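Asks: Have a look at this one before I ask anything.
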Amino acid sequence: MSIYRKTARPMERTLKVMAHLLSYPDANLREHLAELRQALHGEAALGKTRLAEVDALIRRLETRSGLAAEADYVELFDRGRGTSLHLFEHVHGDSRDRGPAMIDLIRTYEEAGLLLQEGELPDHLPVVLQYASTQPPAQARAFLAEIAHIVRAIFSALLRRQSPYACVLAALLDMAGEKAQPVDVATEPDIDELWEEPLAFDGCSVNGQATPGATAAGLPTGGANAMLNDQAQPLHFVRKPDESSAAQSNKGVRS
């Protein structure tokens, strides 16, 4: 993973390091963490405080087991929209506008001579940062400023979850010339709650419903009737008369 030219532009190496740190921490990435650290310190595009924070994240990835690091990443970035690294998720959600926006971004990459790898989505922040790293410093900084409001929202959500990854988003805001200040973000339910299937017969329970007698009589459904509704209600089955019984009954009527 030799990702740096010897004559790199200012910010180029740092943007690439940020892109890799926000990528899935597989064995290949963890193997090159020392190289990422060296690139950060060599370019010195970050302030001392921010650099120390990113160093701490790299050390955490170095000392955590691979399985734990990967599980942390999935739990953080793949289980909820607030911390999603797909930028258009924060802008368009599941609306139809997301498709055209994706196409426009792909065209932007192609004009810069960049092609997506199989399975990559153009709005994934690591991909976006790889593109930004190919631009001259002024254009890269302006590009980061354009997406700063989304980066700040993700940064705020990561801070709420006390994630060490928040420093990467803060570094991006620094490079965009923005202040890394959190904003209010809505608390979202756990992804399991969002995808929870409703009970098949939910709503068919007698709980919270009036008894048939109370409804017919126009009685209130609260108070004692509400207490009755919490009790098991008997079901009465009436046998359907067979044809011979019905015929015999009709014969008796005619006679």
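Labels used: A, B, ... for chains in the order of the structure tokens, numbers from 1 for residues in each chain, and numbers from 1 for ligands as shown.
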Out of region 28-173 of chain A, which residues get alpha helix (DSSP H) from DSSP, as an MDAnalysis selection string?
Replies: chainID A and resid 28:31 33:43 48:63 66:77 87:91 98:111 125:132 137:146 148:160 166:173
Asks: Identify, on the basis of only C-alpha atoms, every residue whose closest approach to region 23-40 of chain A does not exceed 8 Å; exclude the query and any residue fewer than 5 positions from it along the same chain; express the result as a ChimeraX atom specification.
Replies: /A:1,13-14,17,45-46,51,55,58,61-62,66,69-70,73,126
Asks: Rounded to one decimal place, report the CA of Thr83 (chain A)-CA of Arg96 (chain A) distance in Å.
Replies: 21.4 Å
Asks: Determine the nearest neighbour of Ala56 (chain A) from the options A:Leu129, A:Cys167, A:Leu87, A:Val74, counting only C-alpha atoms.
Replies: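 Closest to Ala56 (chain A), using only C-alpha atoms: A:Cys167.
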Asks: Between A:Ile154, A:Gln162, A:Val91, A:Ala19, single out the one closest to Val128 (chain A), counting only C-alpha atoms.
Replies: A:Ala19
Asks: Extract, using only C-alpha atoms, all DNA, RNA and protein residues at most 9 Å from Ala140 (chain A), discarding same-chain residues fewer than 6 positions from it, and format them as an MDAnalysis selection string.
Replies: chainID A and resid 11:12 131:134 175:176
Asks: Name the closest residue to Glu178 (chain A) among the candidates A:Gly113, A:Arg59, A:Gln135, A:Ile147; distances are taken between atoms, counting only C-alpha atoms.
Replies: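 Of A:Gly113, A:Arg59, A:Gln135, A:Ile147, the one nearest Glu178 (chain A) is A:Ile147, counting only C-alpha atoms.
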Asks: Just give me the gap between CA of Pro100 (chain A) and CA of Ala157 (chain A) in Å, one decimal is fine.
Replies: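 Computed distance, CA of Pro100 (chain A) to CA of Ala157 (chain A), equals 26.7 Å.
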Asks: For each of A:Thr108, A:Gln181, A:Thr49, A:Ser65, take the minimum atom-to-atom distance to Ala148 (chain A), counting only C-alpha atoms, then give the residue where this is smallest.
Replies: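 Of the candidates, the smallest distance to Ala148 (chain A) is held by A:Gln181.
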Asks: I'd like to know which of A:Val151, A:Leu125, A:Ala166, A:Ala142 is closest to Glu53 (chain A), using only C-alpha atoms.
Replies: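 Among the listed residues, A:Ala166 lies closest to Glu53 (chain A).
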